[in-house]
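So this block is model25.txt, compact mmCIF, N, CA and C atoms:
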# COMPACT_ATOMS: atom_id res chain seq x y z
N MET A 8 0.85 -1.19 0.00
CA MET A 8 0.00 0.00 0.00
C MET A 8 0.88 1.25 0.00
N VAL A 9 0.54 2.23 -0.82
CA VAL A 9 1.30 3.47 -0.93
C VAL A 9 0.64 4.52 -0.04
N SER A 10 1.48 5.19 0.78
CA SER A 10 0.93 6.22 1.67
C SER A 10 0.63 7.49 0.88
N ALA A 11 -0.20 8.34 1.47
CA ALA A 11 -0.56 9.60 0.81
C ALA A 11 0.67 10.47 0.60
N ALA A 12 1.60 10.44 1.56
CA ALA A 12 2.81 11.25 1.44
C ALA A 12 3.65 10.81 0.25
N GLU A 13 3.64 9.53 -0.06
CA GLU A 13 4.42 9.04 -1.18
C GLU A 13 3.81 9.43 -2.52
N ASN A 14 2.53 9.76 -2.52
CA ASN A 14 1.85 10.19 -3.74
C ASN A 14 2.10 11.66 -4.07
N VAL A 15 2.61 12.42 -3.11
CA VAL A 15 2.86 13.85 -3.31
C VAL A 15 4.28 14.01 -3.84
N SER A 16 4.43 14.76 -4.90
CA SER A 16 5.75 14.95 -5.50
C SER A 16 6.64 15.80 -4.61
N ALA A 17 7.95 15.63 -4.77
CA ALA A 17 8.92 16.42 -4.00
C ALA A 17 8.74 17.92 -4.24
N PRO A 18 8.54 18.38 -5.48
CA PRO A 18 8.31 19.82 -5.68
C PRO A 18 7.07 20.34 -4.94
N ALA A 19 6.03 19.52 -4.89
CA ALA A 19 4.81 19.94 -4.17
C ALA A 19 5.08 20.06 -2.68
N ILE A 20 5.85 19.12 -2.13
CA ILE A 20 6.20 19.20 -0.71
C ILE A 20 7.06 20.42 -0.46
N GLN A 21 8.04 20.65 -1.32
CA GLN A 21 8.91 21.81 -1.17
C GLN A 21 8.10 23.12 -1.26
N ALA A 22 7.16 23.19 -2.19
CA ALA A 22 6.32 24.38 -2.33
C ALA A 22 5.50 24.61 -1.07
N ARG A 23 4.93 23.54 -0.51
CA ARG A 23 4.14 23.66 0.72
C ARG A 23 5.01 24.11 1.89
N GLU A 24 6.23 23.59 1.97
CA GLU A 24 7.16 23.99 3.04
C GLU A 24 7.51 25.47 2.91
N ARG A 25 7.71 25.95 1.69
CA ARG A 25 8.00 27.37 1.47
C ARG A 25 6.82 28.24 1.89
N THR A 26 5.61 27.79 1.60
CA THR A 26 4.42 28.54 1.98
C THR A 26 4.29 28.58 3.50
N ILE A 27 4.51 27.46 4.16
CA ILE A 27 4.44 27.42 5.63
C ILE A 27 5.50 28.34 6.23
N ALA A 28 6.71 28.30 5.69
CA ALA A 28 7.77 29.19 6.17
C ALA A 28 7.39 30.66 5.97
N ALA A 29 6.79 30.96 4.83
CA ALA A 29 6.36 32.33 4.54
C ALA A 29 5.25 32.77 5.49
N GLU A 30 4.31 31.88 5.78
CA GLU A 30 3.23 32.20 6.72
C GLU A 30 3.79 32.53 8.10
N THR A 31 4.72 31.71 8.57
CA THR A 31 5.33 31.93 9.87
C THR A 31 6.12 33.23 9.89
N PHE A 32 6.93 33.44 8.86
CA PHE A 32 7.75 34.64 8.76
C PHE A 32 6.90 35.91 8.73
N THR A 33 5.87 35.94 7.88
CA THR A 33 5.05 37.15 7.76
C THR A 33 4.25 37.41 9.04
N ALA A 34 3.81 36.36 9.72
CA ALA A 34 3.10 36.54 10.99
C ALA A 34 4.03 37.16 12.04
N GLU A 35 5.28 36.71 12.08
CA GLU A 35 6.25 37.29 13.01
C GLU A 35 6.54 38.75 12.67
N LYS A 36 6.72 39.03 11.39
CA LYS A 36 7.00 40.41 10.97
C LYS A 36 5.79 41.31 11.20
N LEU A 37 4.61 40.79 11.00
CA LEU A 37 3.39 41.56 11.29
C LEU A 37 3.39 41.98 12.74
N TRP A 38 3.66 41.05 13.64
CA TRP A 38 3.65 41.35 15.07
C TRP A 38 4.67 42.46 15.38
N VAL A 39 5.89 42.36 14.84
CA VAL A 39 6.94 43.34 15.09
C VAL A 39 6.52 44.72 14.58
N TRP A 40 6.08 44.79 13.33
CA TRP A 40 5.77 46.08 12.72
C TRP A 40 4.46 46.66 13.23
N GLN A 41 3.52 45.84 13.59
CA GLN A 41 2.27 46.32 14.16
C GLN A 41 2.57 47.04 15.48
N LYS A 42 3.47 46.46 16.25
CA LYS A 42 3.88 47.08 17.52
C LYS A 42 4.65 48.38 17.26
N ARG A 43 5.59 48.35 16.34
CA ARG A 43 6.40 49.54 16.04
C ARG A 43 5.55 50.70 15.52
N LEU A 44 4.52 50.37 14.75
CA LEU A 44 3.65 51.41 14.19
C LEU A 44 2.46 51.73 15.09
N ASN A 45 2.49 51.18 16.29
CA ASN A 45 1.46 51.45 17.31
C ASN A 45 0.06 51.10 16.81
N LEU A 46 -0.05 49.93 16.21
CA LEU A 46 -1.33 49.44 15.72
C LEU A 46 -1.80 48.21 16.50
N GLN A 47 -1.35 48.10 17.77
CA GLN A 47 -1.69 46.92 18.57
C GLN A 47 -3.17 46.80 18.87
N ASP A 48 -3.91 47.91 18.77
CA ASP A 48 -5.35 47.85 19.05
C ASP A 48 -6.14 47.29 17.86
N TRP A 49 -5.45 46.96 16.78
CA TRP A 49 -6.07 46.35 15.61
C TRP A 49 -5.84 44.84 15.65
N LYS A 50 -6.82 44.09 15.19
CA LYS A 50 -6.67 42.65 15.01
C LYS A 50 -6.35 42.46 13.52
N ILE A 51 -5.09 42.17 13.24
CA ILE A 51 -4.62 42.07 11.85
C ILE A 51 -4.06 40.68 11.62
N SER A 52 -4.36 40.13 10.45
CA SER A 52 -3.81 38.83 10.09
C SER A 52 -3.21 38.92 8.69
N VAL A 53 -2.29 38.00 8.43
CA VAL A 53 -1.66 37.89 7.11
C VAL A 53 -2.13 36.59 6.47
N VAL A 54 -2.51 36.68 5.21
CA VAL A 54 -2.95 35.53 4.45
C VAL A 54 -2.09 35.45 3.19
N ILE A 55 -1.59 34.26 2.92
CA ILE A 55 -0.83 34.04 1.69
C ILE A 55 -1.83 33.89 0.54
N ALA A 56 -1.60 34.63 -0.54
CA ALA A 56 -2.55 34.64 -1.67
C ALA A 56 -1.83 34.36 -2.98
N ARG A 57 -2.47 33.62 -3.83
CA ARG A 57 -1.94 33.36 -5.15
C ARG A 57 -2.06 34.63 -6.01
N ALA A 58 -1.23 34.73 -7.03
CA ALA A 58 -1.23 35.90 -7.91
C ALA A 58 -2.60 36.14 -8.53
N THR A 59 -3.33 35.07 -8.80
CA THR A 59 -4.65 35.20 -9.41
C THR A 59 -5.67 35.84 -8.48
N GLU A 60 -5.36 35.86 -7.18
CA GLU A 60 -6.26 36.47 -6.19
C GLU A 60 -5.94 37.95 -5.95
N LEU A 61 -4.85 38.43 -6.52
CA LEU A 61 -4.43 39.81 -6.35
C LEU A 61 -4.59 40.58 -7.66
N LYS A 62 -4.60 41.90 -7.55
CA LYS A 62 -4.62 42.71 -8.77
C LYS A 62 -3.33 42.46 -9.54
N PRO A 63 -3.39 42.55 -10.86
CA PRO A 63 -2.18 42.35 -11.66
C PRO A 63 -1.04 43.28 -11.23
N LYS A 64 0.15 42.74 -11.25
CA LYS A 64 1.38 43.49 -10.93
C LYS A 64 1.43 43.98 -9.49
N THR A 65 0.72 43.30 -8.58
CA THR A 65 0.81 43.65 -7.16
C THR A 65 1.34 42.45 -6.38
N LEU A 66 1.91 42.75 -5.23
CA LEU A 66 2.49 41.71 -4.37
C LEU A 66 1.66 41.49 -3.11
N GLY A 67 0.60 42.29 -2.97
CA GLY A 67 -0.24 42.16 -1.79
C GLY A 67 -1.29 43.26 -1.75
N ASN A 68 -2.10 43.19 -0.69
CA ASN A 68 -3.11 44.24 -0.46
C ASN A 68 -3.58 44.15 0.98
N ILE A 69 -4.40 45.09 1.36
CA ILE A 69 -4.97 45.09 2.70
C ILE A 69 -6.43 45.50 2.60
N HIS A 70 -7.25 44.85 3.40
CA HIS A 70 -8.66 45.20 3.54
C HIS A 70 -8.93 45.37 5.02
N TRP A 71 -9.58 46.47 5.38
CA TRP A 71 -9.81 46.71 6.80
C TRP A 71 -11.23 47.15 7.07
N ASP A 72 -11.61 47.01 8.34
CA ASP A 72 -12.89 47.48 8.85
C ASP A 72 -12.56 48.40 10.01
N THR A 73 -12.69 49.70 9.78
CA THR A 73 -12.32 50.69 10.78
C THR A 73 -13.14 50.56 12.05
N ASP A 74 -14.43 50.31 11.92
CA ASP A 74 -15.29 50.20 13.10
C ASP A 74 -14.90 49.02 13.98
N LYS A 75 -14.60 47.90 13.37
CA LYS A 75 -14.22 46.69 14.13
C LYS A 75 -12.73 46.64 14.45
N LYS A 76 -11.95 47.54 13.80
CA LYS A 76 -10.49 47.56 13.95
C LYS A 76 -9.89 46.18 13.60
N THR A 77 -10.32 45.67 12.46
CA THR A 77 -9.78 44.41 11.94
C THR A 77 -9.23 44.65 10.54
N ALA A 78 -8.23 43.87 10.19
CA ALA A 78 -7.65 43.98 8.85
C ALA A 78 -7.04 42.65 8.44
N ILE A 79 -7.02 42.43 7.13
CA ILE A 79 -6.37 41.26 6.55
C ILE A 79 -5.39 41.75 5.49
N ILE A 80 -4.15 41.35 5.65
CA ILE A 80 -3.12 41.65 4.65
C ILE A 80 -2.92 40.39 3.82
N HIS A 81 -3.02 40.54 2.51
CA HIS A 81 -2.74 39.44 1.58
C HIS A 81 -1.32 39.64 1.04
N VAL A 82 -0.53 38.59 1.08
CA VAL A 82 0.85 38.62 0.60
C VAL A 82 1.01 37.52 -0.46
N LEU A 83 1.72 37.84 -1.51
CA LEU A 83 1.91 36.91 -2.62
C LEU A 83 2.51 35.58 -2.16
N ASP A 84 1.95 34.50 -2.63
CA ASP A 84 2.39 33.14 -2.32
C ASP A 84 3.80 32.89 -2.87
N PRO A 85 4.64 32.19 -2.12
CA PRO A 85 5.98 31.86 -2.63
C PRO A 85 5.95 31.15 -3.98
N ALA A 86 4.89 30.41 -4.25
CA ALA A 86 4.79 29.70 -5.53
C ALA A 86 4.77 30.66 -6.72
N ASP A 87 4.41 31.92 -6.48
CA ASP A 87 4.34 32.91 -7.56
C ASP A 87 5.53 33.86 -7.59
N TYR A 88 6.51 33.62 -6.73
CA TYR A 88 7.74 34.42 -6.71
C TYR A 88 8.80 33.78 -7.59
N THR A 89 9.64 34.61 -8.18
CA THR A 89 10.79 34.11 -8.92
C THR A 89 12.10 34.46 -8.21
N LEU A 90 12.00 35.19 -7.11
CA LEU A 90 13.19 35.59 -6.35
C LEU A 90 13.74 34.41 -5.55
N PRO A 91 15.04 34.46 -5.21
CA PRO A 91 15.58 33.48 -4.26
C PRO A 91 14.86 33.61 -2.92
N PHE A 92 14.87 32.55 -2.12
CA PHE A 92 14.07 32.48 -0.90
C PHE A 92 14.31 33.66 0.05
N GLU A 93 15.56 33.99 0.34
CA GLU A 93 15.84 35.09 1.29
C GLU A 93 15.34 36.43 0.74
N ALA A 94 15.55 36.67 -0.53
CA ALA A 94 15.07 37.91 -1.15
C ALA A 94 13.55 37.96 -1.13
N MET A 95 12.93 36.81 -1.33
CA MET A 95 11.47 36.72 -1.29
C MET A 95 10.96 37.10 0.10
N LEU A 96 11.60 36.58 1.15
CA LEU A 96 11.17 36.92 2.52
C LEU A 96 11.31 38.41 2.80
N LYS A 97 12.40 39.01 2.34
CA LYS A 97 12.58 40.46 2.52
C LYS A 97 11.48 41.22 1.79
N ASP A 98 11.12 40.75 0.60
CA ASP A 98 10.06 41.38 -0.17
C ASP A 98 8.71 41.24 0.54
N MET A 99 8.48 40.09 1.13
CA MET A 99 7.23 39.87 1.88
C MET A 99 7.16 40.79 3.09
N GLU A 100 8.29 40.98 3.77
CA GLU A 100 8.32 41.91 4.90
C GLU A 100 8.00 43.33 4.41
N PHE A 101 8.57 43.71 3.27
CA PHE A 101 8.27 45.01 2.67
C PHE A 101 6.76 45.14 2.44
N THR A 102 6.14 44.09 1.91
CA THR A 102 4.70 44.13 1.65
C THR A 102 3.92 44.32 2.94
N VAL A 103 4.29 43.63 4.00
CA VAL A 103 3.60 43.77 5.29
C VAL A 103 3.72 45.21 5.79
N VAL A 104 4.93 45.76 5.77
CA VAL A 104 5.14 47.14 6.24
C VAL A 104 4.37 48.12 5.36
N HIS A 105 4.45 47.93 4.06
CA HIS A 105 3.74 48.78 3.09
C HIS A 105 2.23 48.81 3.41
N GLU A 106 1.65 47.65 3.60
CA GLU A 106 0.21 47.59 3.85
C GLU A 106 -0.15 48.17 5.21
N LEU A 107 0.70 48.01 6.21
CA LEU A 107 0.44 48.63 7.52
C LEU A 107 0.49 50.15 7.43
N ILE A 108 1.35 50.68 6.59
CA ILE A 108 1.39 52.14 6.40
C ILE A 108 0.09 52.61 5.75
N HIS A 109 -0.42 51.87 4.79
CA HIS A 109 -1.74 52.21 4.22
C HIS A 109 -2.79 52.27 5.33
N LEU A 110 -2.77 51.30 6.22
CA LEU A 110 -3.73 51.28 7.32
C LEU A 110 -3.56 52.50 8.22
N GLU A 111 -2.33 52.83 8.53
CA GLU A 111 -2.04 53.99 9.38
C GLU A 111 -2.52 55.29 8.72
N LEU A 112 -2.39 55.38 7.42
CA LEU A 112 -2.79 56.59 6.70
C LEU A 112 -4.28 56.64 6.38
N SER A 113 -4.97 55.55 6.56
CA SER A 113 -6.37 55.48 6.12
C SER A 113 -7.28 56.56 6.71
N PRO A 114 -7.15 56.94 7.98
CA PRO A 114 -8.04 58.00 8.47
C PRO A 114 -7.82 59.35 7.77
N VAL A 115 -6.58 59.58 7.37
CA VAL A 115 -6.24 60.84 6.70
C VAL A 115 -6.70 60.82 5.24
N LEU A 116 -6.54 59.67 4.58
CA LEU A 116 -6.81 59.59 3.15
C LEU A 116 -8.25 59.23 2.81
N ALA A 117 -8.96 58.63 3.75
CA ALA A 117 -10.33 58.17 3.47
C ALA A 117 -11.26 59.27 2.95
N PRO A 118 -11.22 60.47 3.54
CA PRO A 118 -12.15 61.50 3.06
C PRO A 118 -11.82 62.09 1.68
N LEU A 119 -10.64 61.80 1.16
CA LEU A 119 -10.22 62.38 -0.12
C LEU A 119 -10.94 61.72 -1.29
N GLN A 120 -11.14 62.49 -2.33
CA GLN A 120 -11.67 61.96 -3.58
C GLN A 120 -10.57 61.14 -4.24
N ARG A 121 -10.81 59.86 -4.48
CA ARG A 121 -9.78 58.96 -5.01
C ARG A 121 -9.74 59.03 -6.53
N THR A 122 -8.53 59.20 -7.06
CA THR A 122 -8.30 59.17 -8.51
C THR A 122 -7.12 58.25 -8.78
N ASP A 123 -6.96 57.84 -10.03
CA ASP A 123 -5.80 57.01 -10.38
C ASP A 123 -4.51 57.74 -10.07
N GLU A 124 -4.48 59.06 -10.32
CA GLU A 124 -3.26 59.83 -10.09
C GLU A 124 -2.90 59.90 -8.61
N ASN A 125 -3.89 60.21 -7.74
CA ASN A 125 -3.50 60.30 -6.34
C ASN A 125 -3.26 58.92 -5.72
N ARG A 126 -3.84 57.88 -6.29
CA ARG A 126 -3.51 56.51 -5.84
C ARG A 126 -2.05 56.18 -6.18
N ARG A 127 -1.62 56.58 -7.37
CA ARG A 127 -0.21 56.38 -7.75
C ARG A 127 0.71 57.16 -6.81
N ASP A 128 0.32 58.39 -6.51
CA ASP A 128 1.11 59.22 -5.59
C ASP A 128 1.16 58.58 -4.20
N GLU A 129 0.03 58.06 -3.75
CA GLU A 129 -0.01 57.38 -2.44
C GLU A 129 0.91 56.17 -2.45
N GLU A 130 0.83 55.34 -3.48
CA GLU A 130 1.68 54.15 -3.57
C GLU A 130 3.16 54.54 -3.56
N HIS A 131 3.50 55.59 -4.29
CA HIS A 131 4.88 56.06 -4.34
C HIS A 131 5.35 56.48 -2.94
N ALA A 132 4.53 57.27 -2.24
CA ALA A 132 4.89 57.73 -0.90
C ALA A 132 4.98 56.56 0.09
N VAL A 133 4.02 55.65 0.03
CA VAL A 133 4.01 54.50 0.94
C VAL A 133 5.23 53.61 0.67
N ASN A 134 5.59 53.42 -0.58
CA ASN A 134 6.80 52.65 -0.91
C ASN A 134 8.04 53.27 -0.29
N HIS A 135 8.17 54.59 -0.40
CA HIS A 135 9.34 55.28 0.15
C HIS A 135 9.37 55.17 1.68
N MET A 136 8.22 55.33 2.32
CA MET A 136 8.17 55.22 3.79
C MET A 136 8.53 53.80 4.23
N ALA A 137 7.96 52.81 3.58
CA ALA A 137 8.24 51.42 3.93
C ALA A 137 9.72 51.12 3.75
N GLN A 138 10.29 51.55 2.63
CA GLN A 138 11.70 51.28 2.39
C GLN A 138 12.58 51.99 3.41
N ALA A 139 12.24 53.22 3.78
CA ALA A 139 13.02 53.95 4.78
C ALA A 139 12.99 53.24 6.13
N LEU A 140 11.81 52.78 6.54
CA LEU A 140 11.70 52.05 7.81
C LEU A 140 12.50 50.76 7.78
N LEU A 141 12.40 50.03 6.68
CA LEU A 141 13.14 48.76 6.58
C LEU A 141 14.65 49.00 6.51
N ASP A 142 15.08 50.04 5.81
CA ASP A 142 16.51 50.37 5.74
C ASP A 142 17.04 50.67 7.13
N LEU A 143 16.29 51.44 7.91
CA LEU A 143 16.70 51.75 9.28
C LEU A 143 16.77 50.48 10.13
N ASP A 144 15.78 49.64 10.00
CA ASP A 144 15.72 48.40 10.78
C ASP A 144 16.85 47.46 10.41
N ARG A 145 17.16 47.33 9.14
CA ARG A 145 18.17 46.39 8.67
C ARG A 145 19.59 46.91 8.87
N ALA A 146 19.74 48.21 9.16
CA ALA A 146 21.07 48.79 9.38
C ALA A 146 21.57 48.50 10.79
N LYS A 147 20.70 47.95 11.65
CA LYS A 147 21.10 47.68 13.04
C LYS A 147 22.22 46.67 13.10

Take the structure in the file and give it back as structure tokens.
Amino acid sequence: MVSAAENVSAPAIQARERTIAAETFTAEKLWVWQKRLNLQDWKISVVIARATELKPKTLGNIHWDTDKKTAIIHVLDPADYTLPFEAMLKDMEFTVVHELIHLELSPVLAPLQRTDENRRDEEHAVNHMAQALLDLDRAK
């Protein structure tokens, strides 16, 4: 009799292990950055998402409920990355920080009339803030 584990290919096992590692890593980074950005009063979770579940050319997103103070950050699944593993994890941390900054800015930006142009400007600013925070953190 062949066990279920023997029916799963080595690449499939490796892909699942990478996803589990990414889930653990992003959950740890969420906790660190949520605390640093003083968002502990929010219940936030990270979910690994396939590229087909995200907008084209994005690595993640965030959806929140201000009244309930809950949020879900979606981060691109390792199966859809082409980067080496360590670079992928750094990129995932960037995505977590990036999305938390969106959450932090949401009370300020929510009343604004949203356009494609100001969304691009917001993304540009959030990218710079996230990179600055990560550069400071990684320089330790």

Show me, as lines of an AutoDock Vina configuration file, the centre and edge lengths in Å to one decimal of the axis-aligned box that covers every listed atom of region 38-56 of chain A with 4 Å on each side.
center_x = 0.1
center_y = 42.8
center_z = 8.0
size_x = 21.8
size_y = 25.8
size_z = 30.0

For Val133 (chain A), which residue out of A:Lys75, A:Lys62, A:His105, A:Arg25 is the nearest one, using only N, CA and C atoms?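 For Val133 (chain A), the nearest of the given residues is A:His105.
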
When you draw a straight line from atom N of Arg57 (chain A) to atom N of Asp84 (chain A), how long is it in Å? 4.7 Å

Members of chain A assigned strand (DSSP E or B) by DSSP, as a count of residues only: 20

If DSSP is run on the backbone, what residues of chain A are alpha helix (DSSP H)? A reply as a PyMOL selection string would be ideal. chain A and resi 11-14+17-43+92-116+123-145

What is the distance, in Å and to one decimal place, between CA of Arg121 (chain A) and CA of Arg43 (chain A)?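 If I compute the distance from CA of Arg121 (chain A) to CA of Arg43 (chain A), I get 28.2 Å.
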
Spatial sel., origin (8.7, 38.8, -5.4), limit 12 Å, only C-alpha atoms, listed as a ChimeraX atom specification: /A:57-58,64-67,82-102

Tell me, in Å to one decimal, how far CA of Lys50 (chain A) is from CA of Leu116 (chain A).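 Value for the CA of Lys50 (chain A)-CA of Leu116 (chain A) distance: 20.7 Å.
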
Go through region 46-99 of chain A residue by residue and, counting only C-alpha atoms, keep those with an atom at most 10 Å from region 34-40 of chain A; for each kept residue give the shortest atom pair and its distance in Å to one decimal, ordered by chain and increasing number, as a Markdown table.
| residue | atom | partner | partner_atom | distance |
| --- | --- | --- | --- | --- |
| A:Leu46 | CA | A:Trp40 | CA | 8.4 |
| A:Gln47 | CA | A:Trp38 | CA | 8.5 |
| A:Ile51 | CA | A:Leu37 | CA | 8.0 |
| A:Ser52 | CA | A:Ala34 | CA | 7.3 |
| A:Val53 | CA | A:Ala34 | CA | 6.3 |
| A:Val54 | CA | A:Ala34 | CA | 9.0 |
| A:Ile80 | CA | A:Leu37 | CA | 9.3 |
| A:Met99 | CA | A:Lys36 | CA | 9.1 |

Could those selected residues go to a file with N, CA and C atoms, as a PDB file, in the coordinates of the input?
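Output file again_21.pdb follows:
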ATOM      1  N   LEU A  46      -0.050  49.930  16.210  1.00  0.00           N
ATOM      2  CA  LEU A  46      -1.330  49.440  15.720  1.00  0.00           C
ATOM      3  C   LEU A  46      -1.800  48.210  16.500  1.00  0.00           C
ATOM      4  N   GLN A  47      -1.350  48.100  17.770  1.00  0.00           N
ATOM      5  CA  GLN A  47      -1.690  46.920  18.570  1.00  0.00           C
ATOM      6  C   GLN A  47      -3.170  46.800  18.870  1.00  0.00           C
ATOM      7  N   ILE A  51      -5.090  42.170  13.240  1.00  0.00           N
ATOM      8  CA  ILE A  51      -4.620  42.070  11.850  1.00  0.00           C
ATOM      9  C   ILE A  51      -4.060  40.680  11.620  1.00  0.00           C
ATOM     10  N   SER A  52      -4.360  40.130  10.450  1.00  0.00           N
ATOM     11  CA  SER A  52      -3.810  38.830  10.090  1.00  0.00           C
ATOM     12  C   SER A  52      -3.210  38.920   8.690  1.00  0.00           C
ATOM     13  N   VAL A  53      -2.290  38.000   8.430  1.00  0.00           N
ATOM     14  CA  VAL A  53      -1.660  37.890   7.110  1.00  0.00           C
ATOM     15  C   VAL A  53      -2.130  36.590   6.470  1.00  0.00           C
ATOM     16  N   VAL A  54      -2.510  36.680   5.210  1.00  0.00           N
ATOM     17  CA  VAL A  54      -2.950  35.530   4.450  1.00  0.00           C
ATOM     18  C   VAL A  54      -2.090  35.450   3.190  1.00  0.00           C
ATOM     19  N   ILE A  80      -4.150  41.350   5.650  1.00  0.00           N
ATOM     20  CA  ILE A  80      -3.120  41.650   4.650  1.00  0.00           C
ATOM     21  C   ILE A  80      -2.920  40.390   3.820  1.00  0.00           C
ATOM     22  N   MET A  99       8.480  40.090   1.130  1.00  0.00           N
ATOM     23  CA  MET A  99       7.230  39.870   1.880  1.00  0.00           C
ATOM     24  C   MET A  99       7.160  40.790   3.090  1.00  0.00           C
TER      25      MET A  99
END

So, counting only C-alpha atoms, which residue among A:Ile27, A:Leu61, A:Leu44, A:Leu143 is closest to Ile108 (chain A)?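 So, comparing all the options, the nearest one is A:Leu44.
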